[in-house]
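What follows is one structure encoded as structure tokens, with my remarks underneath.
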Amino acid sequence: MPRPITKGRYFRVTIPTCLILFMAYSEWAYSYRFCYEYVYKKSNAKHTMIAFLVIENFCLLTTLTSWLLILIVKPGKMPMQVPPYDLERFVRYGSTVGNDSINLDDDVMSSTSTMKSTYVNSKLLEPPEIFECDKDGLPSWCHECGSLKLLRSHHSSITNECIPMFDHYGTFVGSTIGKQNYPYFLIFLISIESLMCFTVITVIVFSGIWNRLNAALIVFVIFSGIMTILTGHLLYTTFSDLLQGDTTIERLQRLRVHRQQRKIRKSTHDPEEDIVYDAYVNIRHLEDKNLRAVVHLELSDRPYNNGLKRNCQLWLTGFQSFTSPEEIATFQSSMFSKEFKTHIYNKIEKNDYKIFGSGTKLESVTL
């Protein structure tokens with residue numbers, strides 16, 4: 001049974017349709033009104049017209065082709081279900097070591113039990129060296145897919161699947177952007193920005209817009225200028241995310257917390273006022289293999305920034321072929337940069353953490 005057409009689906013179709021209509025209008029205005037009527041007929045510059053048309057249509061063809069590939073390739077999905085980590089022994093041991101009088105956290109134990117009960121396979125995974133978690137030290141679990149959310153995945157309400165390296169929903173292109181179609185999205189941004197910049201600059205420089213152009217070309221330049229600014233900003237933020245090893249959704253989450261902090265500090269007139277950034281990692285402890293530490297992250301932390309070369313390799317090349325959930329968990333752990341792991345272990349040495357399974361720090365514990 002087809003899904004009903006909702007207001008959100010109308011919106012997702014409307015923006016790409018408007019973009020297609022704008023590109024069709026731009027092709028007519030630039031090719032006919034500018035290149036043919038002005039450059040060729042009025043200025044008698046045939047070779048210039050041909051050069052302009054070749055460059056403009058090459059950029060347009062690249063834009064449309066990359067857009068089509070975004071829709072055909074799709075964002076990708078988790079290659080298989082990943083069962084929960086075997087964490088109960090770490091919870092029990094951490095609680096016992098932390099304080100003999102502490103009862104096990106009911107929320108933590110019930111959450112681990114829920115993960116296991118919703119997974120059809122009884123086999124649990126050995127937890128990797130490090131993984132993202134909530135404040136209790138538990139990894140994210142997708143109830144819809146019955147799987148751990150690894151490979152920086154998020155569940156998409158549009159595709160109803162967990163998408164590895166979920167970046168964002170592309171309003172312009174009408175598709176979710178994830179690991180699989182990200183390279184084509186990057187090509188789309190570069191090509192459409194090149195198209196807008198080239199057409200606007202050639203029209204303004206070659207003709208002198210306000211004296212000689214007709215209304216159609218003036219409308220074209222105004223709207224193309226707006227599109228140049230919008231796509232330029234999007235291209236800048238995309239390259240910035242690539243440089244820092246971020247996804248769009250990760251950057252926006254930090255930005256939202258930063259804005260909330262600024263708003264609270266402004267309302268309370270207290271520059272030290274803060275709110276908790278809800279991001280943590282669960283990492284194997286250096287002093288005891290049976291202990292795991294839960295470390296709170298700061299807004300400035302970039303867990304996946306492995307340098308530009310490695311970041312590009314991760315985004316622009318395919319994942320290795322995974323044959324088991326264990327391989328996925330291991331690969332997920334390898335995505336964390338060495339610098340970030342060193343930073344986390346430094347925080348542990350400074351006692352800036354808690355033992356997984358209790359709220360106690362190791363400094364007050366006799367092993």
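Within each chain, counting starts at residue 1; across the structure tokens, chains are named A, B, ... in the order shown, with ligands numbered 1 upward in that order.
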
Mind checking which residues fall within 12 Å of Glu37 of chain A, counting only C-alpha atoms, ignoring those fewer than 4 positions away in the same chain, and posting them as a PDB file with N, CA and C atoms, in the first residue's frame?
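Below is the file out.pdb, written as the result:
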```pdb
ATOM      1  N   TRP A  28      17.550  28.791 -20.821  1.00  0.00           N
ATOM      2  CA  TRP A  28      16.959  29.590 -21.901  1.00  0.00           C
ATOM      3  C   TRP A  28      17.501  31.023 -21.890  1.00  0.00           C
ATOM      4  N   ALA A  29      17.505  31.649 -20.715  1.00  0.00           N
ATOM      5  CA  ALA A  29      17.943  33.044 -20.619  1.00  0.00           C
ATOM      6  C   ALA A  29      19.411  33.193 -21.013  1.00  0.00           C
ATOM      7  N   TYR A  30      20.257  32.288 -20.556  1.00  0.00           N
ATOM      8  CA  TYR A  30      21.691  32.421 -20.831  1.00  0.00           C
ATOM      9  C   TYR A  30      22.012  32.039 -22.283  1.00  0.00           C
ATOM     10  N   SER A  31      21.478  30.897 -22.728  1.00  0.00           N
ATOM     11  CA  SER A  31      21.823  30.413 -24.066  1.00  0.00           C
ATOM     12  C   SER A  31      21.222  31.281 -25.172  1.00  0.00           C
ATOM     13  N   TYR A  32      19.939  31.610 -25.022  1.00  0.00           N
ATOM     14  CA  TYR A  32      19.263  32.351 -26.094  1.00  0.00           C
ATOM     15  C   TYR A  32      19.391  33.865 -25.923  1.00  0.00           C
ATOM     16  N   ARG A  33      18.929  34.367 -24.768  1.00  0.00           N
ATOM     17  CA  ARG A  33      18.906  35.812 -24.573  1.00  0.00           C
ATOM     18  C   ARG A  33      20.300  36.429 -24.515  1.00  0.00           C
ATOM     19  N   LYS A  41      24.524  37.999 -32.092  1.00  0.00           N
ATOM     20  CA  LYS A  41      23.852  38.894 -33.018  1.00  0.00           C
ATOM     21  C   LYS A  41      24.299  40.344 -32.844  1.00  0.00           C
ATOM     22  N   LYS A  42      24.363  40.824 -31.606  1.00  0.00           N
ATOM     23  CA  LYS A  42      24.711  42.231 -31.397  1.00  0.00           C
ATOM     24  C   LYS A  42      26.215  42.472 -31.437  1.00  0.00           C
ATOM     25  N   SER A  43      26.968  41.561 -30.836  1.00  0.00           N
ATOM     26  CA  SER A  43      28.422  41.764 -30.743  1.00  0.00           C
ATOM     27  C   SER A  43      29.194  41.025 -31.832  1.00  0.00           C
ATOM     28  N   ASN A  44      28.509  40.132 -32.564  1.00  0.00           N
ATOM     29  CA  ASN A  44      29.136  39.372 -33.656  1.00  0.00           C
ATOM     30  C   ASN A  44      30.383  38.609 -33.166  1.00  0.00           C
ATOM     31  N   ALA A  45      30.286  38.033 -31.969  1.00  0.00           N
ATOM     32  CA  ALA A  45      31.409  37.272 -31.393  1.00  0.00           C
ATOM     33  C   ALA A  45      31.030  35.798 -31.362  1.00  0.00           C
ATOM     34  N   LYS A  46      31.110  35.170 -32.515  1.00  0.00           N
ATOM     35  CA  LYS A  46      30.664  33.781 -32.655  1.00  0.00           C
ATOM     36  C   LYS A  46      31.489  32.833 -31.794  1.00  0.00           C
ATOM     37  N   MET A  49      30.680  33.136 -28.175  1.00  0.00           N
ATOM     38  CA  MET A  49      29.400  32.501 -27.884  1.00  0.00           C
ATOM     39  C   MET A  49      29.564  30.987 -27.740  1.00  0.00           C
ATOM     40  N   SER A 207      28.568  42.237 -20.718  1.00  0.00           N
ATOM     41  CA  SER A 207      27.509  43.071 -21.285  1.00  0.00           C
ATOM     42  C   SER A 207      27.283  44.398 -20.570  1.00  0.00           C
ATOM     43  N   ARG A 212      22.354  47.604 -20.724  1.00  0.00           N
ATOM     44  CA  ARG A 212      22.041  46.971 -21.996  1.00  0.00           C
ATOM     45  C   ARG A 212      21.170  45.715 -21.897  1.00  0.00           C
ATOM     46  N   LEU A 213      21.017  45.147 -20.731  1.00  0.00           N
ATOM     47  CA  LEU A 213      20.296  43.880 -20.640  1.00  0.00           C
ATOM     48  C   LEU A 213      18.793  44.090 -20.558  1.00  0.00           C
ATOM     49  N   ASN A 214      18.065  43.100 -21.067  1.00  0.00           N
ATOM     50  CA  ASN A 214      16.609  43.156 -20.960  1.00  0.00           C
ATOM     51  C   ASN A 214      16.158  42.579 -19.622  1.00  0.00           C
ATOM     52  N   LEU A 217      17.137  38.857 -18.585  1.00  0.00           N
ATOM     53  CA  LEU A 217      18.500  38.629 -18.118  1.00  0.00           C
ATOM     54  C   LEU A 217      18.739  39.241 -16.747  1.00  0.00           C
TER      55      LEU A 217
END
```

Please list as a compact mmCIF listing (two decimals) with N, CA and C atoms, in the first residue's frame every residue within 7 Å of Phe356 of chain A, counting only C-alpha atoms and excluding residues in the same chain fewer than 4 positions away.
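Everything below was put into selection-v1.txt:
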```
# COMPACT_ATOMS: atom_id res chain seq x y z
N PHE A 90 30.75 -5.79 32.59
CA PHE A 90 31.44 -4.54 32.90
C PHE A 90 30.60 -3.68 33.83
N VAL A 91 29.27 -3.72 33.65
CA VAL A 91 28.39 -2.97 34.54
C VAL A 91 28.50 -3.51 35.96
N GLY A 94 32.07 -2.90 37.40
CA GLY A 94 32.26 -1.48 37.69
C GLY A 94 31.50 -1.05 38.92
N GLY A 137 26.77 5.15 29.49
CA GLY A 137 27.79 4.31 28.88
C GLY A 137 27.27 3.29 27.89
N ARG A 292 35.64 -0.37 32.30
CA ARG A 292 35.46 0.56 31.19
C ARG A 292 35.12 1.93 31.77
N ALA A 293 35.59 2.98 31.10
CA ALA A 293 35.37 4.34 31.59
C ALA A 293 34.41 5.07 30.66
N VAL A 294 33.55 5.88 31.25
CA VAL A 294 32.63 6.73 30.49
C VAL A 294 33.14 8.16 30.60
```

Any chance you could tabulate, as a Markdown table, the residues of segment 157-209 of chain A at most 12 Å from segment 247-252 of chain A with each one's nearest atom pair and distance in Å to one decimal, using only C-alpha atoms, in chain and rising number order?
```
| residue | atom | partner | partner_atom | distance |
| --- | --- | --- | --- | --- |
| A:Pro164 | CA | A:Thr247 | CA | 10.9 |
| A:Met165 | CA | A:Thr247 | CA | 7.2 |
| A:Phe166 | CA | A:Thr247 | CA | 7.2 |
| A:Asp167 | CA | A:Thr247 | CA | 5.0 |
| A:His168 | CA | A:Thr248 | CA | 6.0 |
| A:Tyr169 | CA | A:Ile249 | CA | 9.4 |
| A:Gly170 | CA | A:Thr248 | CA | 10.7 |
| A:Thr176 | CA | A:Thr248 | CA | 11.8 |
| A:Ile177 | CA | A:Thr248 | CA | 9.8 |
| A:Gly178 | CA | A:Thr247 | CA | 9.2 |
| A:Lys179 | CA | A:Thr247 | CA | 10.1 |
| A:Tyr182 | CA | A:Thr247 | CA | 10.6 |
```

- Atomic separation - atom CA of Ile187 of chain A relative to atom CA of Leu151 of chain A, Å: 23.0 Å

- Task: Return the single residue from A:Phe198, A:Phe206, A:Tyr353, A:Phe331 that is closest to Ile55 of chain A, with distances computed using only C-alpha atoms.
- Result: A:Phe198

- Message: Restricting the calculation to only C-alpha atoms: of A:Thr360, A:Ser324, A:Thr63, A:His258, which residue gets closest to Ile192 of chain A?
- Response: A:Thr63

- Item | Point-to-point distance in Å for atom CA of Thr171 of chain A and atom CA of Leu234 of chain A | 11.4 Å

- Message: So, with only C-alpha atoms as the atoms that count, which of A:Leu195, A:Leu189, A:Cys312, A:Val295 lies closest to Ala279 of chain A?
- Response: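 Result for the nearest residue to Ala279 of chain A: A:Val295.
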
- Using DSSP on the backbone coordinates, identify all residues within segment 133-226 of chain A classified as strand (DSSP E); present the result as a list in words. Cys133, Trp141, Cys142, Ser147, Leu148, His154, His155, Ser156, Glu161, Cys162, Ile163, His168, Tyr169, Gly170, Ser175, Thr176 and Ile177 of chain A

Could you write those residues out with N, CA, C and O atoms, as a PDB file, in the first residue's frame?
```pdb
ATOM      1  N   CYS A 133      28.490   6.613  23.254  1.00  0.00           N
ATOM      2  CA  CYS A 133      27.498   6.098  24.187  1.00  0.00           C
ATOM      3  C   CYS A 133      26.690   7.247  24.778  1.00  0.00           C
ATOM      4  O   CYS A 133      26.957   8.419  24.508  1.00  0.00           O
ATOM      5  N   TRP A 141      20.905   2.387  20.213  1.00  0.00           N
ATOM      6  CA  TRP A 141      20.218   1.197  19.708  1.00  0.00           C
ATOM      7  C   TRP A 141      19.018   1.628  18.876  1.00  0.00           C
ATOM      8  O   TRP A 141      18.250   2.506  19.281  1.00  0.00           O
ATOM      9  N   CYS A 142      18.859   1.049  17.688  1.00  0.00           N
ATOM     10  CA  CYS A 142      17.722   1.356  16.819  1.00  0.00           C
ATOM     11  C   CYS A 142      16.660   0.282  16.992  1.00  0.00           C
ATOM     12  O   CYS A 142      16.873  -0.878  16.602  1.00  0.00           O
ATOM     13  N   SER A 147      19.082  -3.117  15.766  1.00  0.00           N
ATOM     14  CA  SER A 147      20.528  -3.150  15.561  1.00  0.00           C
ATOM     15  C   SER A 147      21.182  -1.992  16.298  1.00  0.00           C
ATOM     16  O   SER A 147      20.561  -0.951  16.531  1.00  0.00           O
ATOM     17  N   LEU A 148      22.469  -2.191  16.659  1.00  0.00           N
ATOM     18  CA  LEU A 148      23.248  -1.073  17.157  1.00  0.00           C
ATOM     19  C   LEU A 148      23.439  -0.049  16.049  1.00  0.00           C
ATOM     20  O   LEU A 148      23.569  -0.410  14.879  1.00  0.00           O
ATOM     21  N   HIS A 154      22.319   6.969  11.517  1.00  0.00           N
ATOM     22  CA  HIS A 154      21.080   7.454  12.104  1.00  0.00           C
ATOM     23  C   HIS A 154      19.934   6.839  11.319  1.00  0.00           C
ATOM     24  O   HIS A 154      20.065   6.557  10.119  1.00  0.00           O
ATOM     25  N   HIS A 155      18.820   6.653  12.001  1.00  0.00           N
ATOM     26  CA  HIS A 155      17.660   6.071  11.328  1.00  0.00           C
ATOM     27  C   HIS A 155      16.917   7.151  10.554  1.00  0.00           C
ATOM     28  O   HIS A 155      16.597   8.212  11.096  1.00  0.00           O
ATOM     29  N   SER A 156      16.665   6.893   9.289  1.00  0.00           N
ATOM     30  CA  SER A 156      15.962   7.843   8.438  1.00  0.00           C
ATOM     31  C   SER A 156      14.473   7.524   8.409  1.00  0.00           C
ATOM     32  O   SER A 156      14.077   6.388   8.115  1.00  0.00           O
ATOM     33  N   GLU A 161      15.378   3.204   7.252  1.00  0.00           N
ATOM     34  CA  GLU A 161      16.590   2.400   7.414  1.00  0.00           C
ATOM     35  C   GLU A 161      17.642   3.216   8.148  1.00  0.00           C
ATOM     36  O   GLU A 161      17.606   4.451   8.133  1.00  0.00           O
ATOM     37  N   CYS A 162      18.562   2.518   8.787  1.00  0.00           N
ATOM     38  CA  CYS A 162      19.711   3.183   9.388  1.00  0.00           C
ATOM     39  C   CYS A 162      20.736   3.444   8.292  1.00  0.00           C
ATOM     40  O   CYS A 162      21.144   2.507   7.580  1.00  0.00           O
ATOM     41  N   ILE A 163      21.149   4.704   8.157  1.00  0.00           N
ATOM     42  CA  ILE A 163      22.044   5.112   7.076  1.00  0.00           C
ATOM     43  C   ILE A 163      23.440   5.363   7.640  1.00  0.00           C
ATOM     44  O   ILE A 163      23.608   6.225   8.514  1.00  0.00           O
ATOM     45  N   HIS A 168      22.833  14.534   6.105  1.00  0.00           N
ATOM     46  CA  HIS A 168      21.681  15.416   6.246  1.00  0.00           C
ATOM     47  C   HIS A 168      20.675  15.073   5.157  1.00  0.00           C
ATOM     48  O   HIS A 168      20.952  14.237   4.287  1.00  0.00           O
ATOM     49  N   TYR A 169      19.522  15.697   5.244  1.00  0.00           N
ATOM     50  CA  TYR A 169      18.557  15.587   4.152  1.00  0.00           C
ATOM     51  C   TYR A 169      18.779  16.751   3.210  1.00  0.00           C
ATOM     52  O   TYR A 169      18.689  17.915   3.600  1.00  0.00           O
ATOM     53  N   GLY A 170      19.092  16.460   1.932  1.00  0.00           N
ATOM     54  CA  GLY A 170      19.363  17.489   0.941  1.00  0.00           C
ATOM     55  C   GLY A 170      18.079  18.064   0.375  1.00  0.00           C
ATOM     56  O   GLY A 170      17.439  17.436  -0.474  1.00  0.00           O
ATOM     57  N   SER A 175      16.794  14.272  -1.584  1.00  0.00           N
ATOM     58  CA  SER A 175      17.261  12.948  -1.167  1.00  0.00           C
ATOM     59  C   SER A 175      18.081  13.072   0.104  1.00  0.00           C
ATOM     60  O   SER A 175      18.734  14.096   0.343  1.00  0.00           O
ATOM     61  N   THR A 176      18.055  12.026   0.914  1.00  0.00           N
ATOM     62  CA  THR A 176      18.928  11.952   2.075  1.00  0.00           C
ATOM     63  C   THR A 176      20.358  11.710   1.608  1.00  0.00           C
ATOM     64  O   THR A 176      20.603  10.940   0.685  1.00  0.00           O
ATOM     65  N   ILE A 177      21.298  12.391   2.256  1.00  0.00           N
ATOM     66  CA  ILE A 177      22.708  12.245   1.898  1.00  0.00           C
ATOM     67  C   ILE A 177      23.400  11.416   2.968  1.00  0.00           C
ATOM     68  O   ILE A 177      23.377  11.749   4.149  1.00  0.00           O
TER      69      ILE A 177
END
```

- List every residue of segment 7-68 of chain A that DSSP, applied to the backbone of this structure, places in alpha helix (DSSP H), and write the result as a PyMOL selection string. chain A and resi 7-28+46-68
